[in-house]
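Visitor: Input work-v2.cif, format and content: mmCIF, C-alpha atoms.
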data_protein
#
loop_
_atom_site.group_PDB
_atom_site.id
_atom_site.type_symbol
_atom_site.label_atom_id
_atom_site.label_comp_id
_atom_site.auth_asym_id
_atom_site.auth_seq_id
_atom_site.Cartn_x
_atom_site.Cartn_y
_atom_site.Cartn_z
ATOM 1 C CA VAL G 23 0.000 0.000 0.000
ATOM 2 C CA VAL G 24 1.797 3.089 -1.289
ATOM 3 C CA LEU G 25 0.841 6.701 -0.617
ATOM 4 C CA PRO G 26 2.788 9.100 -2.865
ATOM 5 C CA PHE G 27 2.929 12.671 -1.587
ATOM 6 C CA ASP G 28 4.003 14.564 -4.730
ATOM 7 C CA ALA G 29 4.574 14.120 -8.475
ATOM 8 C CA ASN G 30 8.088 12.670 -8.191
ATOM 9 C CA SER G 31 7.069 10.120 -5.589
ATOM 10 C CA LEU G 32 4.120 9.112 -7.799
ATOM 11 C CA ILE G 33 6.425 8.615 -10.804
ATOM 12 C CA VAL G 34 8.768 6.454 -8.735
ATOM 13 C CA THR G 35 5.820 4.472 -7.364
ATOM 14 C CA VAL G 36 4.209 3.793 -10.755
ATOM 15 C CA ASP G 37 7.573 2.828 -12.263
ATOM 16 C CA HIS G 38 8.052 0.250 -9.507
ATOM 17 C CA VAL G 39 4.500 -1.091 -9.706
ATOM 18 C CA LEU G 40 4.625 -1.600 -13.475
ATOM 19 C CA LYS G 41 7.722 -3.759 -13.041
ATOM 20 C CA THR G 42 6.238 -6.065 -10.418
ATOM 21 C CA LYS G 43 4.627 -9.444 -11.145
ATOM 22 C CA ASN G 44 2.175 -11.590 -9.189
ATOM 23 C CA LYS G 45 1.528 -8.835 -6.657
ATOM 24 C CA ILE G 46 -1.416 -6.669 -5.740
ATOM 25 C CA ASN G 47 -0.313 -3.043 -5.468
ATOM 26 C CA VAL G 48 -2.500 -0.321 -4.027
ATOM 27 C CA ILE G 49 -1.659 3.311 -4.823
ATOM 28 C CA THR G 50 -3.481 6.171 -3.115
ATOM 29 C CA ALA G 51 -2.649 9.451 -4.838
ATOM 30 C CA SER G 52 -4.132 12.856 -5.519
ATOM 31 C CA LYS G 53 -5.180 14.228 -8.898
ATOM 32 C CA HIS G 54 -4.625 17.833 -7.807
ATOM 33 C CA VAL G 55 -1.631 20.084 -8.329
ATOM 34 C CA SER G 56 0.380 20.204 -5.119
ATOM 35 C CA HIS G 57 3.775 20.933 -3.605
ATOM 36 C CA GLN G 58 6.918 19.152 -4.748
ATOM 37 C CA TRP G 59 8.721 18.007 -1.602
ATOM 38 C CA LEU G 60 11.584 15.843 -2.911
ATOM 39 C CA ASN G 61 13.613 15.749 -6.113
ATOM 40 C CA MET G 62 13.674 12.548 -8.177
ATOM 41 C CA ASN G 63 16.796 11.064 -6.581
ATOM 42 C CA GLU G 64 15.509 11.814 -3.090
ATOM 43 C CA SER G 65 12.122 10.308 -3.986
ATOM 44 C CA LEU G 66 13.741 7.123 -5.272
ATOM 45 C CA GLU G 67 15.833 6.727 -2.124
ATOM 46 C CA HIS G 68 12.839 7.420 0.096
ATOM 47 C CA PHE G 69 10.717 4.892 -1.809
ATOM 48 C CA LYS G 70 13.356 2.195 -1.374
ATOM 49 C CA LYS G 71 13.315 2.735 2.399
ATOM 50 C CA GLY G 72 9.516 2.927 2.630
ATOM 51 C CA ALA G 73 9.788 5.525 5.396
ATOM 52 C CA SER G 74 12.436 8.064 6.331
ATOM 53 C CA ILE G 75 13.273 11.200 8.268
ATOM 54 C CA TRP G 76 13.121 14.381 6.197
ATOM 55 C CA ASP G 77 16.071 16.415 7.426
ATOM 56 C CA PHE G 78 14.859 19.697 5.952
ATOM 57 C CA ALA G 79 11.775 19.505 8.181
ATOM 58 C CA SER G 80 13.562 18.217 11.303
ATOM 59 C CA THR G 81 15.809 19.662 13.970
ATOM 60 C CA LYS G 82 19.226 18.036 14.380
ATOM 61 C CA ASP G 83 18.960 17.430 18.122
ATOM 62 C CA SER G 84 17.108 14.561 19.788
ATOM 63 C CA PRO G 85 13.382 15.130 19.222
ATOM 64 C CA HIS G 86 10.895 16.159 21.858
ATOM 65 C CA ILE G 87 8.132 15.196 19.421
ATOM 66 C CA VAL G 88 7.899 13.203 16.196
ATOM 67 C CA ILE G 89 5.409 14.288 13.565
ATOM 68 C CA ALA G 90 4.749 11.702 10.881
ATOM 69 C CA SER G 91 2.402 11.369 7.951
ATOM 70 C CA ALA G 92 1.347 9.114 5.103
ATOM 71 C CA GLY G 93 -0.384 10.513 2.027
ATOM 72 C CA ASP G 94 -0.400 13.805 0.155
ATOM 73 C CA THR G 95 -2.855 15.940 2.137
ATOM 74 C CA PRO G 96 -1.720 14.619 5.546
ATOM 75 C CA THR G 97 1.860 15.428 4.534
ATOM 76 C CA LEU G 98 0.927 18.975 3.521
ATOM 77 C CA GLU G 99 -0.789 19.578 6.871
ATOM 78 C CA ALA G 100 1.918 17.838 8.916
ATOM 79 C CA LEU G 101 4.638 19.996 7.355
ATOM 80 C CA ALA G 102 2.511 23.097 7.870
ATOM 81 C CA ALA G 103 2.273 22.123 11.551
ATOM 82 C CA VAL G 104 6.063 21.734 11.699
ATOM 83 C CA LYS G 105 6.414 25.242 10.288
ATOM 84 C CA ILE G 106 4.050 26.651 12.924
ATOM 85 C CA LEU G 107 5.959 24.877 15.707
ATOM 86 C CA ASN G 108 9.276 26.213 14.440
ATOM 87 C CA GLU G 109 7.883 29.739 14.428
ATOM 88 C CA GLU G 110 5.798 29.662 17.611
ATOM 89 C CA LEU G 111 7.700 27.157 19.769
ATOM 90 C CA PRO G 112 11.300 27.213 18.521
ATOM 91 C CA THR G 113 12.649 25.434 21.620
ATOM 92 C CA VAL G 114 10.713 22.275 20.711
ATOM 93 C CA ASN G 115 12.865 19.806 18.771
ATOM 94 C CA VAL G 116 10.706 18.342 16.022
ATOM 95 C CA ARG G 117 11.466 15.308 13.868
ATOM 96 C CA TYR G 118 9.391 14.748 10.734
ATOM 97 C CA VAL G 119 8.980 11.220 9.328
ATOM 98 C CA ASN G 120 7.219 10.425 6.067
ATOM 99 C CA VAL G 121 5.830 6.962 5.419
ATOM 100 C CA ILE G 122 5.236 6.191 1.746
ATOM 101 C CA ASP G 123 4.790 2.424 2.188
ATOM 102 C CA LEU G 124 2.364 1.683 5.017
ATOM 103 C CA MET G 125 3.546 -1.900 5.289
ATOM 104 C CA THR G 126 6.910 -0.732 6.628
ATOM 105 C CA LEU G 127 5.066 -0.213 9.907
ATOM 106 C CA LYS G 128 3.831 -3.791 10.196
ATOM 107 C CA LYS G 129 6.030 -6.175 12.089
ATOM 108 C CA GLY G 130 6.634 -9.389 10.173
ATOM 109 C CA HIS G 131 5.445 -8.093 6.797
ATOM 110 C CA PRO G 132 7.916 -8.542 3.901
ATOM 111 C CA HIS G 133 8.175 -4.739 3.705
ATOM 112 C CA GLY G 134 8.093 -4.275 7.477
ATOM 113 C CA LEU G 135 11.032 -2.614 9.186
ATOM 114 C CA ASP G 136 12.629 -4.453 12.075
ATOM 115 C CA ASP G 137 12.225 -2.969 15.548
ATOM 116 C CA ASN G 138 15.621 -1.265 15.565
ATOM 117 C CA SER G 139 15.025 0.398 12.200
ATOM 118 C CA LEU G 140 11.578 1.598 13.243
ATOM 119 C CA ASP G 141 12.984 2.894 16.534
ATOM 120 C CA ASP G 142 15.605 4.822 14.550
ATOM 121 C CA LEU G 143 12.721 6.704 12.940
ATOM 122 C CA PHE G 144 10.229 7.078 15.779
ATOM 123 C CA THR G 145 12.441 6.393 18.838
ATOM 124 C CA LYS G 146 11.280 4.063 21.602
ATOM 125 C CA SER G 147 9.451 6.571 23.776
ATOM 126 C CA THR G 148 9.066 9.988 22.106
ATOM 127 C CA PRO G 149 5.436 11.011 21.497
ATOM 128 C CA VAL G 150 4.471 10.537 17.846
ATOM 129 C CA ILE G 151 1.697 12.480 16.117
ATOM 130 C CA PHE G 152 0.785 10.493 12.985
ATOM 131 C CA ASN G 153 -1.337 12.182 10.301
ATOM 132 C CA PHE G 154 -3.299 9.962 7.924
ATOM 133 C CA HIS G 155 -6.399 10.303 5.735
ATOM 134 C CA GLY G 156 -7.693 6.795 6.380
ATOM 135 C CA TYR G 157 -9.091 5.356 9.577
ATOM 136 C CA PRO G 158 -6.776 5.826 12.586
ATOM 137 C CA SER G 159 -7.443 2.219 13.607
ATOM 138 C CA LEU G 160 -5.449 1.031 10.581
ATOM 139 C CA ILE G 161 -2.275 2.742 11.779
ATOM 140 C CA TYR G 162 -2.795 1.507 15.336
ATOM 141 C CA SER G 163 -3.167 -2.059 14.032
ATOM 142 C CA LEU G 164 -0.003 -1.768 11.924
ATOM 143 C CA ILE G 165 2.143 -0.531 14.822
ATOM 144 C CA HIS G 166 0.773 -3.071 17.281
ATOM 145 C CA GLY G 167 3.611 -4.809 19.095
ATOM 146 C CA ARG G 168 6.182 -2.102 18.377
ATOM 147 C CA ASN G 169 8.325 -0.520 21.077
ATOM 148 C CA ASN G 170 6.951 3.021 20.966
ATOM 149 C CA LYS G 171 3.516 3.079 22.618
ATOM 150 C CA LYS G 172 3.043 6.850 22.398
ATOM 151 C CA PHE G 173 1.380 7.158 18.994
ATOM 152 C CA SER G 174 -1.483 9.617 18.569
ATOM 153 C CA VAL G 175 -3.082 9.066 15.166
ATOM 154 C CA HIS G 176 -5.138 11.685 13.345
ATOM 155 C CA GLY G 177 -7.296 10.308 10.542
ATOM 156 C CA TYR G 178 -10.749 9.950 9.068
ATOM 157 C CA ILE G 179 -13.389 9.982 11.796
ATOM 158 C CA GLU G 180 -16.371 10.034 9.439
ATOM 159 C CA GLU G 181 -16.927 13.759 9.677
ATOM 160 C CA GLY G 182 -17.752 15.878 6.668
ATOM 161 C CA THR G 183 -20.326 17.011 4.168
ATOM 162 C CA ILE G 184 -20.375 19.104 0.996
ATOM 163 C CA THR G 185 -17.760 21.638 2.029
ATOM 164 C CA THR G 186 -14.246 22.841 1.237
ATOM 165 C CA PRO G 187 -11.210 20.514 1.205
ATOM 166 C CA PHE G 188 -9.631 22.329 4.140
ATOM 167 C CA ASP G 189 -12.856 22.175 6.136
ATOM 168 C CA MET G 190 -12.883 18.403 5.627
ATOM 169 C CA ARG G 191 -9.404 18.329 7.134
ATOM 170 C CA VAL G 192 -10.541 20.410 10.095
ATOM 171 C CA ARG G 193 -13.646 18.304 10.682
ATOM 172 C CA ASN G 194 -11.512 15.162 10.801
ATOM 173 C CA GLU G 195 -8.756 16.896 12.803
ATOM 174 C CA ILE G 196 -5.963 16.213 10.305
ATOM 175 C CA ASP G 197 -5.311 19.937 9.824
ATOM 176 C CA ARG G 198 -2.221 21.812 10.990
ATOM 177 C CA TYR G 199 -3.955 23.489 13.941
ATOM 178 C CA HIS G 200 -5.207 20.270 15.534
ATOM 179 C CA ILE G 201 -1.760 18.732 15.086
ATOM 180 C CA VAL G 202 -0.093 21.639 16.890
ATOM 181 C CA ILE G 203 -2.647 21.376 19.699
ATOM 182 C CA ASP G 204 -1.903 17.648 20.017
ATOM 183 C CA VAL G 205 1.812 18.426 20.283
ATOM 184 C CA ILE G 206 1.068 20.837 23.138
ATOM 185 C CA ASP G 207 -1.105 18.183 24.804
ATOM 186 C CA ASN G 208 1.849 15.770 24.723
ATOM 187 C CA LEU G 209 4.510 18.153 26.017
ATOM 188 C CA ASN G 210 4.808 20.288 29.116
ATOM 189 C CA LEU G 211 5.296 23.682 27.476
ATOM 190 C CA GLY G 212 3.967 25.906 30.242
ATOM 191 C CA LYS G 213 2.572 29.371 29.599
ATOM 192 C CA LYS G 214 3.976 29.626 26.076
ATOM 193 C CA GLY G 215 2.305 26.379 25.113
ATOM 194 C CA GLU G 216 -1.038 27.610 26.378
ATOM 195 C CA GLU G 217 -0.618 30.844 24.433
ATOM 196 C CA VAL G 218 -0.041 28.889 21.236
ATOM 197 C CA ARG G 219 -2.959 26.584 22.018
ATOM 198 C CA LYS G 220 -5.189 29.643 22.356
ATOM 199 C CA LYS G 221 -3.914 30.981 19.037
ATOM 200 C CA MET G 222 -4.630 27.663 17.293
ATOM 201 C CA ASN G 223 -8.144 27.530 18.744
ATOM 202 C CA GLU G 224 -8.727 31.095 17.569
ATOM 203 C CA MET G 225 -7.664 30.092 14.049
ATOM 204 C CA LEU G 226 -10.076 27.159 14.136
ATOM 205 C CA LYS G 227 -12.857 29.464 15.358
ATOM 206 C CA ARG G 228 -12.147 31.930 12.551
ATOM 207 C CA HIS G 229 -12.235 29.085 10.068
ATOM 208 C CA THR G 230 -15.612 27.860 11.356
ATOM 209 C CA GLU G 231 -17.063 31.357 11.176
ATOM 210 C CA TYR G 232 -15.736 31.801 7.634
ATOM 211 C CA ILE G 233 -17.282 28.514 6.496
ATOM 212 C CA LYS G 234 -20.650 29.492 7.978
ATOM 213 C CA GLU G 235 -20.587 32.835 6.181
ATOM 214 C CA GLU G 236 -18.996 31.926 2.855
ATOM 215 C CA GLY G 237 -19.755 28.203 2.521
#
Starting from the file, give its structure as structure tokens.

Guide:
Amino acid sequence: VVLPFDANSLIVTVDHVLKTKNKINVITASKHVSHQWLNMNESLEHFKKGASIWDFASTKDSPHIVIASAGDTPTLEALAAVKILNEELPTVNVRYVNVIDLMTLKKGHPHGLDDNSLDDLFTKSTPVIFNFHGYPSLIYSLIHGRNNKKFSVHGYIEEGTITTPFDMRVRNEIDRYHIVIDVIDNLNLGKKGEEVRKKMNEMLKRHTEYIKEEG
């Protein structure tokens, strides 16, 4: 099960799939124009690993929090959350992990990473905020039996109607503001954390009011 996050990753994915035999491949990809996160060589290397740390979106020091995502829209919102954290809470060390092959998470699967390799990505005990556009229960089932028990998964919670794409993200809490709030919930950030929480809630309130007025 592969979730490309940009055009290059989709090209690499399709190239691989067309060369496989006697396998069922599932690709979940967007048809919309979006950001280009990795160049072709980086995309190929990332695809081979199935999941990796993106250094350009991570601090060099040991992380206080790991933000991860699988899929195009969850990746967009996760990286937007990283940007907010860097601006609003610069003392928080953030690691960003992208998962392009969901089966890397599953212990014992042919694509599954061993415990040490998975711990190298997510650590053994650092809180992980995982953003996904499918059901959260799928991610929890895939990571069952792994060392890190501090996963908080954002995903589809069957909320939504005829509305805007971003409002669908907000309703299912996979947007940047809910991710930042979850980070604050997982870390003891004192007064500054509460100030940022208030700011995120104000942004969500403004969004709700805008949707009511403009549709």

Visitor: Could you name the residues that touch G:Val114 at 9 Å or less, counting all atoms listed in the file, but leaving out those on the same chain fewer than 2 positions away, as a list in words?

Guide: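 Final neighbour list, sorted by chain and number: Thr81, Pro85, His86, Ile87, Leu107, Asn108, Leu111, Pro112, Val116 and Leu211 of chain G.
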
Visitor: Generate a file of the selected residues that holds C-alpha atoms, formatted as a PDB file, in the coordinates of the input.

Guide:
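The file below, part-v1.pdb, is the result:
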ATOM      1  CA  THR G  81      15.809  19.662  13.970  1.00  0.00           C
ATOM      2  CA  PRO G  85      13.382  15.130  19.222  1.00  0.00           C
ATOM      3  CA  HIS G  86      10.895  16.159  21.858  1.00  0.00           C
ATOM      4  CA  ILE G  87       8.132  15.196  19.421  1.00  0.00           C
ATOM      5  CA  LEU G 107       5.959  24.877  15.707  1.00  0.00           C
ATOM      6  CA  ASN G 108       9.276  26.213  14.440  1.00  0.00           C
ATOM      7  CA  LEU G 111       7.700  27.157  19.769  1.00  0.00           C
ATOM      8  CA  PRO G 112      11.300  27.213  18.521  1.00  0.00           C
ATOM      9  CA  VAL G 116      10.706  18.342  16.022  1.00  0.00           C
ATOM     10  CA  LEU G 211       5.296  23.682  27.476  1.00  0.00           C
TER      11      LEU G 211
END

Visitor: Check the smallest atom-to-atom distance from each of G:Ile75, G:Met225, G:Leu25, G:Ala90 to G:His176 using all atoms listed in the file, then report the winner.

Guide: G:Ala90

Visitor: Would you mind listing what lies within 9 Å of G:Trp76 as a PDB file with C-alpha atoms, keeping the file's coordinate frame, with all atoms listed in the file counted and same-chain residues fewer than 6 positions away left out?

Guide:
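around-v2.pdb written:
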ATOM      1  CA  ARG G 117      11.466  15.308  13.868  1.00  0.00           C
ATOM      2  CA  TYR G 118       9.391  14.748  10.734  1.00  0.00           C
ATOM      3  CA  VAL G 119       8.980  11.220   9.328  1.00  0.00           C
ATOM      4  CA  ASN G 120       7.219  10.425   6.067  1.00  0.00           C
TER       5      ASN G 120
END

Visitor: So the first atom is atom CA of G:Lys172 and the second is atom CA of G:Pro149; what is the distance between them in Å, to one decimal place?

Guide: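 So the answer is 4.9 Å.
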
Visitor: Mind dumping a table of every stretch 136-202 of chain G residue within 10 Å of stretch 124-128 of chain G, with the nearest atom pair and its distance in Å to one decimal, using all atoms listed in the file, sorted by chain and rising number, as CSV?

Guide:
residue,atom,partner,partner_atom,distance
G:Asp136,CA,G:Thr126,CA,8.7
G:Asp137,CA,G:Leu127,CA,9.5
G:Ser139,CA,G:Thr126,CA,9.9
G:Leu140,CA,G:Leu127,CA,7.5
G:Leu160,CA,G:Leu124,CA,9.6
G:Ile161,CA,G:Leu127,CA,8.1
G:Tyr162,CA,G:Leu127,CA,9.7
G:Ser163,CA,G:Lys128,CA,8.2
G:Leu164,CA,G:Lys128,CA,4.7
G:Ile165,CA,G:Leu127,CA,5.7
G:His166,CA,G:Lys128,CA,7.8
G:Gly167,CA,G:Lys128,CA,9.0
G:Arg168,CA,G:Lys128,CA,8.7

Visitor: How about saving the chosen residues, C-alpha atoms kept, as a PDB file, in the coordinates of the input?

Guide:
ATOM      1  CA  ASP G 136      12.629  -4.453  12.075  1.00  0.00           C
ATOM      2  CA  ASP G 137      12.225  -2.969  15.548  1.00  0.00           C
ATOM      3  CA  SER G 139      15.025   0.398  12.200  1.00  0.00           C
ATOM      4  CA  LEU G 140      11.578   1.598  13.243  1.00  0.00           C
ATOM      5  CA  LEU G 160      -5.449   1.031  10.581  1.00  0.00           C
ATOM      6  CA  ILE G 161      -2.275   2.742  11.779  1.00  0.00           C
ATOM      7  CA  TYR G 162      -2.795   1.507  15.336  1.00  0.00           C
ATOM      8  CA  SER G 163      -3.167  -2.059  14.032  1.00  0.00           C
ATOM      9  CA  LEU G 164      -0.003  -1.768  11.924  1.00  0.00           C
ATOM     10  CA  ILE G 165       2.143  -0.531  14.822  1.00  0.00           C
ATOM     11  CA  HIS G 166       0.773  -3.071  17.281  1.00  0.00           C
ATOM     12  CA  GLY G 167       3.611  -4.809  19.095  1.00  0.00           C
ATOM     13  CA  ARG G 168       6.182  -2.102  18.377  1.00  0.00           C
TER      14      ARG G 168
END

Visitor: Please check which residues have atoms at most 8 Å from (11.1, 4.9, 2.5) in the file's coordinates, counting only C-alpha atoms, and write them as a compact mmCIF listing (two decimals) with C-alpha atoms, in the coordinates of the input.

Guide:
# COMPACT_ATOMS: atom_id res chain seq x y z
CA GLU G 67 15.83 6.73 -2.12
CA HIS G 68 12.84 7.42 0.10
CA PHE G 69 10.72 4.89 -1.81
CA LYS G 70 13.36 2.19 -1.37
CA LYS G 71 13.32 2.74 2.40
CA GLY G 72 9.52 2.93 2.63
CA ALA G 73 9.79 5.52 5.40
CA SER G 74 12.44 8.06 6.33
CA ASN G 120 7.22 10.42 6.07
CA VAL G 121 5.83 6.96 5.42
CA ILE G 122 5.24 6.19 1.75
CA ASP G 123 4.79 2.42 2.19

Visitor: Could you tell me which residues the PyMOL selection byres ((chain G and resi 173) around 8) returns for this structure, as a short mmCIF file (atom, residue, chain, number, x, y, z; two decimals) with C-alpha atoms, in the frame of the given file?

Guide:
data_model
loop_
_atom_site.label_atom_id
_atom_site.label_comp_id
_atom_site.auth_asym_id
_atom_site.auth_seq_id
_atom_site.Cartn_x
_atom_site.Cartn_y
_atom_site.Cartn_z
CA PRO G 149 5.44 11.01 21.50
CA VAL G 150 4.47 10.54 17.85
CA ILE G 151 1.70 12.48 16.12
CA PHE G 152 0.78 10.49 12.98
CA TYR G 162 -2.80 1.51 15.34
CA ASN G 170 6.95 3.02 20.97
CA LYS G 171 3.52 3.08 22.62
CA LYS G 172 3.04 6.85 22.40
CA SER G 174 -1.48 9.62 18.57
CA VAL G 175 -3.08 9.07 15.17
#

Visitor: Once the PyMOL selection byres ((chain G and resi 195) around 10) has been evaluated on this model, what residues remain selected, and can you format them as JSON, numbers by chain?

Guide: {"G": [153, 155, 175, 176, 177, 178, 179, 181, 189, 190, 191, 192, 193, 194, 196, 197, 198, 199, 200, 201, 204]}

Visitor: I'd like a table as JSON lines: residues in stretch 147-230 of chain G with an atom no more than 12 Å from stretch 48-59 of chain G, each row giving the shortest atom pair and its distance in Å to one decimal, all atoms listed in the file counted, sorted by chain and rising residue number.

Guide:
{"residue": "G:Phe154", "atom": "CA", "partner": "G:Thr50", "partner_atom": "CA", "distance": 11.7}
{"residue": "G:His155", "atom": "CA", "partner": "G:Thr50", "partner_atom": "CA", "distance": 10.2}
{"residue": "G:Gly156", "atom": "CA", "partner": "G:Thr50", "partner_atom": "CA", "distance": 10.4}
{"residue": "G:Pro187", "atom": "CA", "partner": "G:His54", "partner_atom": "CA", "distance": 11.5}

Visitor: Find the residue from G:Ile184, G:Ile203, G:Lys146, G:Gly93 that sits nearest to G:Asn169; use only C-alpha atoms when measuring.

Guide: G:Lys146

Visitor: Compare G:Glu110, G:Pro96, G:Asn210, G:Thr186 by their minimum atom-to-atom distance to G:Thr230, counting all atoms listed in the file, and give me the closest one.

Guide: G:Thr186

Visitor: Tell me which of G:Leu32, G:Ser80, G:Ser91, G:Leu60 sits closest to G:Val104, counting only C-alpha atoms.

Guide: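 Among the listed residues, the smallest separation from G:Val104 belongs to G:Ser80.
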
Visitor: How far is it from atom CA of G:Glu224 to atom CA of G:Ile106, in Å with one decimal?

Guide: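 Taking atom CA of G:Glu224 and atom CA of G:Ile106, their separation equals 14.3 Å.
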
Visitor: Of the residues G:His133, G:Tyr157, G:Lys221, G:Ile33, which is the one nearest to G:Asn61, using all atoms listed in the file?

Guide: G:Ile33

Visitor: What are the centre and the three edge lengths of an axis-aligned box that wraps all atoms of stretch 46-50 of chain G in the file, given that 6 Å is added to every side, written as lines of an AutoDock Vina configuration file and rounded to one decimal in Å?

Guide:
center_x = -1.9
center_y = -0.2
center_z = -4.4
size_x = 15.2
size_y = 24.8
size_z = 14.6

Visitor: At what distance in Å, to one decimal, does atom CA of G:Val24 lie from atom CA of G:Gly134?

Guide: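 These two atoms are separated by 13.1 Å.
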
Visitor: Let me make sure I understand: among G:Leu66, G:Leu226, G:Leu209, G:Ala103, which one has the smallest atom-to-atom distance to G:Thr35 if we use only C-alpha atoms?

Guide: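 For G:Thr35, the nearest of the given residues is G:Leu66.
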